[in-house]
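*Asks:* Input: one structure, supplied below.
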Amino acid sequence: MGGTSSSEIIVQSTAAEYAPLILLLPMLAFPVILFLGKVFNGNPFWKNNLKEGGLIALTVMGASLILALAVARDFIGGFSSMEELSEWVWFTSATWESTTMMTKEISFGFGVHIDHITVMLLFIAAFLCFLINTFAIGYMNTDPINDNRNHRFYAEFVLFCSGMLGMVLADSFLWLFIFWELMGLCSYLLIGFYYERPSAAYAAKKAFLTTRVGDVFLMVGLAMLWGMFGSLDYDVIFNALEDENFMAGISSSTLQWTLGLMFIGAVGKSAQFPLHVWLPDAMEGPTPVSALIHAATMVNAGLYLVARMFPFFGAEALHGDLVDLAFIIAAIGGITAVMAAAIAFVQNDLKKVLAYSTMSQLAYIFTGLGCALWLANSLDWHHDSKAHGIVIVAFGAALFHLFNHAMAKGMLFMASGAVIHEVHHAHHHLHHHDDHQHESKHPKELVMLNDYLEQTGQTVYEFFKSIDLDGSGEIDMYEFQTALKNAEIADLPPWETEPLLAAIDLDGNEKINVPELEITLGNLKMDDHDHHEEEFDAQSMENMGGLASKMPITATAMLVGSLSIMGFPLIGGFWSKEGIIANAWRVALEDPRFFFPAACVLLGAGMTGFYMSRMWLKTFAGSPKTEVAAHVAPTNTWIKTPLFLLTFVSLAGIIFAGMGFTHWAPDEGYAPFFDGKKGLMEGILYEMEHAFANHDSFFFILSYVALILGAIIGPGLALSLYGGSLDEGEQAKPWFGPILALNAAIKGRYHWDNSALAQSSLATALSNRLYFDHYYDMAMLKIVAAFSFKAAEADSGVIDGAIKSIERGSQNLSTRVRALTTGSARDYILMAAVGTLALFGLIWGVA
Amino acid sequence: MIDPAWVSGLSALLFVIGLAGAFTRKNAIIVLMCIELMLNAANMQFAAAAVHHGDSTGWVYTLFAIAIAASEVAIGLAIFLAMYGQHESITLDDVNVLKN
């Protein structure tokens, strides 16, 4: 693949021969863990020594990581593109023109395709899966709620990893799609791990169905691609793209539609506008799942697909034909970057902030890819070496941001998990005598309903009459929901109304009648109301604060991760983010449409600085906001280890940049470090010069504007609003000192009142996620539900009606026929005689 | 010698009498007798036809029909006996289990 013909060499590499094992090992571990977990459930050796399968999973993921590193080493050692031919033929499809002549035979086999993009994604996936597995052992196995069911978690975990690893290794779009769907399934299973919680079950369904919307488009796109190229193998398609005779028969506008449909699949998987609604809800899964799915692997699948499209945009035969799609990709990224960052401003749930941050950063990568694809499609990069460099750096910046974001976000999720875990434990420790029975027995909505009735002076019967909309004498869930809303008690979604209804519904017919309501409210009045303590939310940042001194490693990891995401100079994300912004503006200067995404990513840089700083300050700085936060203890080793490692990976951003990661592109040997043209120090100096002392005055100013927005203005605003110095006597690590001191100084001097802003309609809209879920639900209700009702009517009326009328008719007929059989022998004789006579008459008449 | 046409007419008369009896009578034995009457009417018709055509086949048929009628009576009476055991009656109106 790629621009030049020299990259077509197929190289035999020992590591590449073992590459299928990278995905097969975890896939085989899936049934093993599941089976052993069922057999040895509760066995002390299984539980304590094998961590309910966690160690088996860790071993397998470790083996995958070693193999992946070996592949990467061989690859960086000089091979530009490795392709293993299909070893295993899955099935063969043949096209027959007549009964004797076969015109085409196509076999579908699985092979391994390794190029720059594969190696990058393979390393990210294998490395993070291994670390998150380590983290999961510390997180899942110490939580009593998971008792004796962690084998299910680890089994699904390894299957998920095998899906991601298989997707990046696959050598055709078909296998990409198969593993893509495998990940979809596993994300459903893992998000719904706590399936007994209705919200988790709902989130799992939502994630599955929302990504499915995109997948349908992807499938149509792949079918169209098949129609055009007659194959889905990368090899066949990418070679065909170089073939001018073949390309003369391809309609570029149809191809643009095809790629556009495939892009919609990527939008769904990577949670971009307008299919982004599933990602925040997916935080219902356990934190390791959030780290795995929503930072390290699954959301990167969409980006990988778009990156895989590069040869289409880079093909000479399609020069300038696909710029509209490149713009759409960049624009979707721009919209999502700003929208998600804005929503992250008002989130109080630690994991939700990270979820929106993920959406926003993925949007950056989409913008970066869109710009790189635009450049590849409109510059003459096959012949002009300057243009060649521009395209490769643009593409590399996007991929490098993918790397940096995955590392930083994996770390952030794990650190947030550590915080939540420890806050939860501290709460458990302080309130272990709490009686939760009373809370679950009387939901607060019911108490409010009781108060409402007392205030308005209605009797239960009057109230019941007023809410029984259809006059059936019983209240169903929708009537109840409406009633709660009209009484201004709560506007609940169906899955939260259901348990409430069940609390009143004594006979279990899912409807409420007057006696049931009277009995329940009567019980409520009898019990004293002393147990109205608010449910403690271990994920809410409102319950944290001042944790920097209590969880030093976690706080450091979180700080480094946040700085990387913000694009703080010299740390990981800085290099790639500057690259994406610079490339967006480079394209904007050529194509005015791109001013929109370019402005979005520049604005987003400042917004990122604000919300990431806000998150860190609210969690770790200032004094503890609750008693619980004051009693948090450091976390265990399993959790600390991956945090420790990833901190260094993120801090080492400058080394990766020096190694030429920004030149990571679908072209062999361009990266200065890999071909030995430049040393590491030279590479670092080169990158530094480009970032801080660009010769082009426009980019010089741009890089400083982005820097000031992301690293000074955004965090500065957060510093003036949130956090503060730690409590007296709390000792934090020395590297937090300057930040906390700066925080205290800025907050003391420039603190401004933002309560007016926080009350504004914009803030309300943001905390309601800009009403996207609301409108999607409405649209579903109005269109899909209405259509379903009509379809149900048609079914019972027309189809059932036809069958029922046939049945009724034959029954009537048989009743009449039966009446002939009187049971009297004489009548039968009469009939026989008359019949015989008639027969004779007939014969006589004919004769 | 009597013209075979007269014999044929008598047989037709006998057959109609038998048929009317079989339709109208309630007693099973009388119905059986009526059926015998019809059979004999048929025998007579055979005999008349044999004389008319000068062919002895008709006589042979008559012999067969008499033998069949004898066995039929035996079976019929056995059925009536069984019927009486079940219903305490041989009135045909009482036997209508096949109704509807």
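Just so we're on the same page: first chain in the structure tokens is A, next is B, and so on; residues restart at 1 for each chain, and ligands are numbered from 1 in the order they show up.
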I'd like a table as a tab-separated table: residues in chain B with an atom no more than 10 Å from chain A, each row giving the shortest atom pair and its distance in Å to one decimal, only C-alpha atoms counted, sorted by chain and rising residue number.
*Replies:*
```
residue	atom	partner	partner_atom	distance
B:Leu19	CA	A:Ala833	CA	8.7
B:Ala20	CA	A:Leu830	CA	9.6
B:Gly21	CA	A:Arg826	CA	9.9
B:Ala22	CA	A:Arg826	CA	6.9
B:Phe23	CA	A:Arg826	CA	5.3
B:Thr24	CA	A:Arg826	CA	7.5
B:Arg25	CA	A:Arg826	CA	8.5
B:Lys26	CA	A:Arg826	CA	8.5
B:Ala28	CA	A:Ala825	CA	9.6
B:Val31	CA	A:Arg826	CA	9.0
B:Leu92	CA	A:Ala825	CA	6.8
B:Asp93	CA	A:Ser824	CA	6.3
B:Asp94	CA	A:Ser824	CA	8.5
B:Val95	CA	A:Ser824	CA	7.0
B:Asn96	CA	A:Gly823	CA	4.2
B:Val97	CA	A:Gly823	CA	6.2
B:Leu98	CA	A:Gly823	CA	4.6
B:Lys99	CA	A:Gly823	CA	3.8
B:Asn100	CA	A:Arg818	CA	4.7
```
*Asks:* Neighbouring residues of Leu13 of chain B were defined as those with any atom within 12 Å, considering only C-alpha atoms; residues of the same chain fewer than 4 positions away were excluded. Please report them as a PyMOL selection string.
*Replies:* chain B and resi 6-9+17-20+37-38+40-42+44-45
*Asks:* Taking 2 positions as the minimum chain separation for residues in the same chain, which residues sit within 7 Å of segment 338-349 of chain A when counting only C-alpha atoms? Answer as a PyMOL selection string.
*Replies:* chain A and resi 334-336+351-353+356-357+359-360+539-542+600+604+607-608+611+763+766-767+769
*Asks:* With N, CA and C atoms retained, export the selected residues as a compact mmCIF listing (two decimals), in the first residue's frame.
*Replies:*
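Output contents, as saved in part_10.txt:
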```txt
# COMPACT_ATOMS: atom_id res chain seq x y z
N GLY A 334 -15.21 18.66 14.48
CA GLY A 334 -15.25 20.01 15.06
C GLY A 334 -16.46 20.22 15.93
N ILE A 335 -17.63 19.80 15.42
CA ILE A 335 -18.88 19.98 16.19
C ILE A 335 -18.78 19.23 17.51
N THR A 336 -18.37 17.96 17.42
CA THR A 336 -18.32 17.13 18.63
C THR A 336 -17.31 17.68 19.63
N LYS A 351 -16.61 10.30 36.35
CA LYS A 351 -16.47 9.50 35.13
C LYS A 351 -17.16 10.15 33.95
N LYS A 352 -18.23 10.90 34.22
CA LYS A 352 -18.94 11.55 33.10
C LYS A 352 -18.06 12.63 32.48
N VAL A 353 -17.31 13.36 33.32
CA VAL A 353 -16.39 14.36 32.77
C VAL A 353 -15.42 13.68 31.82
N TYR A 356 -17.11 12.67 28.49
CA TYR A 356 -17.25 13.77 27.52
C TYR A 356 -15.90 14.21 27.01
N SER A 357 -14.90 14.12 27.87
CA SER A 357 -13.55 14.44 27.42
C SER A 357 -13.11 13.46 26.33
N MET A 359 -15.08 11.90 24.20
CA MET A 359 -15.78 12.29 22.98
C MET A 359 -15.08 13.46 22.31
N SER A 360 -14.71 14.44 23.13
CA SER A 360 -14.11 15.65 22.59
C SER A 360 -12.75 15.35 21.97
N GLN A 539 -19.25 8.64 43.02
CA GLN A 539 -18.65 9.15 41.78
C GLN A 539 -18.74 10.65 41.67
N SER A 540 -19.51 11.29 42.57
CA SER A 540 -19.74 12.71 42.44
C SER A 540 -18.55 13.49 42.99
N MET A 541 -18.07 14.45 42.21
CA MET A 541 -16.96 15.27 42.66
C MET A 541 -17.36 16.18 43.81
N GLU A 542 -18.70 16.35 43.99
CA GLU A 542 -19.17 17.17 45.10
C GLU A 542 -18.86 16.51 46.45
N CYS A 600 -13.20 25.42 15.64
CA CYS A 600 -13.73 24.55 16.70
C CYS A 600 -12.59 23.93 17.50
N GLY A 604 -11.80 24.51 21.26
CA GLY A 604 -11.83 23.30 22.09
C GLY A 604 -10.59 23.17 22.96
N MET A 607 -11.25 25.04 26.00
CA MET A 607 -12.30 24.39 26.80
C MET A 607 -11.74 23.16 27.49
N THR A 608 -10.89 22.42 26.78
CA THR A 608 -10.27 21.24 27.39
C THR A 608 -9.48 21.64 28.62
N TYR A 611 -12.07 22.27 31.53
CA TYR A 611 -12.80 21.18 32.20
C TYR A 611 -11.86 20.15 32.83
N ALA A 763 -26.44 26.65 31.03
CA ALA A 763 -25.91 25.64 31.94
C ALA A 763 -26.91 24.51 32.14
N LEU A 766 -26.85 22.39 29.15
CA LEU A 766 -25.65 21.56 29.12
C LEU A 766 -25.75 20.40 30.08
N SER A 767 -26.30 20.67 31.28
CA SER A 767 -26.37 19.55 32.21
C SER A 767 -27.44 18.55 31.77
N ARG A 769 -27.44 17.58 28.80
CA ARG A 769 -26.75 17.06 27.61
C ARG A 769 -27.32 17.66 26.34
```
*Asks:* Rank B:Val60, B:Ile29, B:Leu39, B:Ala49 by their smallest atom-to-atom distance to Thr91 of chain B, using only C-alpha atoms, and report the top residue only.
*Replies:*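 Of the candidates, the smallest distance to Thr91 of chain B is held by B:Ile29.
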*Asks:* One decimal, in Å: what's the spacing between atom CA of Asn133 of chain A and atom CA of Ala282 of chain A?
*Replies:*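 Distance reported for this atom pair: 18.8 Å.
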*Asks:* Do you know which residues are at most 8 Å from Ala65 of chain B counting only C-alpha atoms, after dropping those on the same chain fewer than 3 positions away, and could you put them as number ranges by chain?
*Replies:* B: 39, 43, 61-62, 68-69
*Asks:* What does the file look like for those residues with N, CA and C atoms, as a CSV table (one decimal), in the first residue's frame?
*Replies:*
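Final output, part_16.csv:
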```
chain,number,residue,atom,x,y,z
B,39,LEU,N,-85.2,-57.1,-2.2
B,39,LEU,CA,-84.3,-58.0,-2.8
B,39,LEU,C,-85.0,-59.0,-3.6
B,43,ASN,N,-84.8,-60.1,-7.5
B,43,ASN,CA,-84.7,-61.5,-8.0
B,43,ASN,C,-85.7,-61.8,-9.1
B,61,TYR,N,-77.8,-65.4,-11.1
B,61,TYR,CA,-77.8,-64.2,-10.3
B,61,TYR,C,-78.8,-64.4,-9.2
B,62,THR,N,-80.0,-64.9,-9.5
B,62,THR,CA,-81.0,-65.0,-8.6
B,62,THR,C,-80.6,-65.9,-7.4
B,68,ILE,N,-77.1,-64.4,-0.6
B,68,ILE,CA,-76.6,-63.1,0.0
B,68,ILE,C,-77.7,-62.7,1.0
B,69,ALA,N,-79.0,-62.7,0.5
B,69,ALA,CA,-80.1,-62.3,1.4
B,69,ALA,C,-80.1,-63.1,2.6
```
*Asks:* List every residue of segment 264-403 of chain A that DSSP, applied to the backbone of this structure, assigns to helix (DSSP H, G or I), and report them as a PyMOL selection string.
*Replies:* chain A and resi 264-269+278-284+287-296+298-308+310-314+316-318+323-346+350-378+385-403
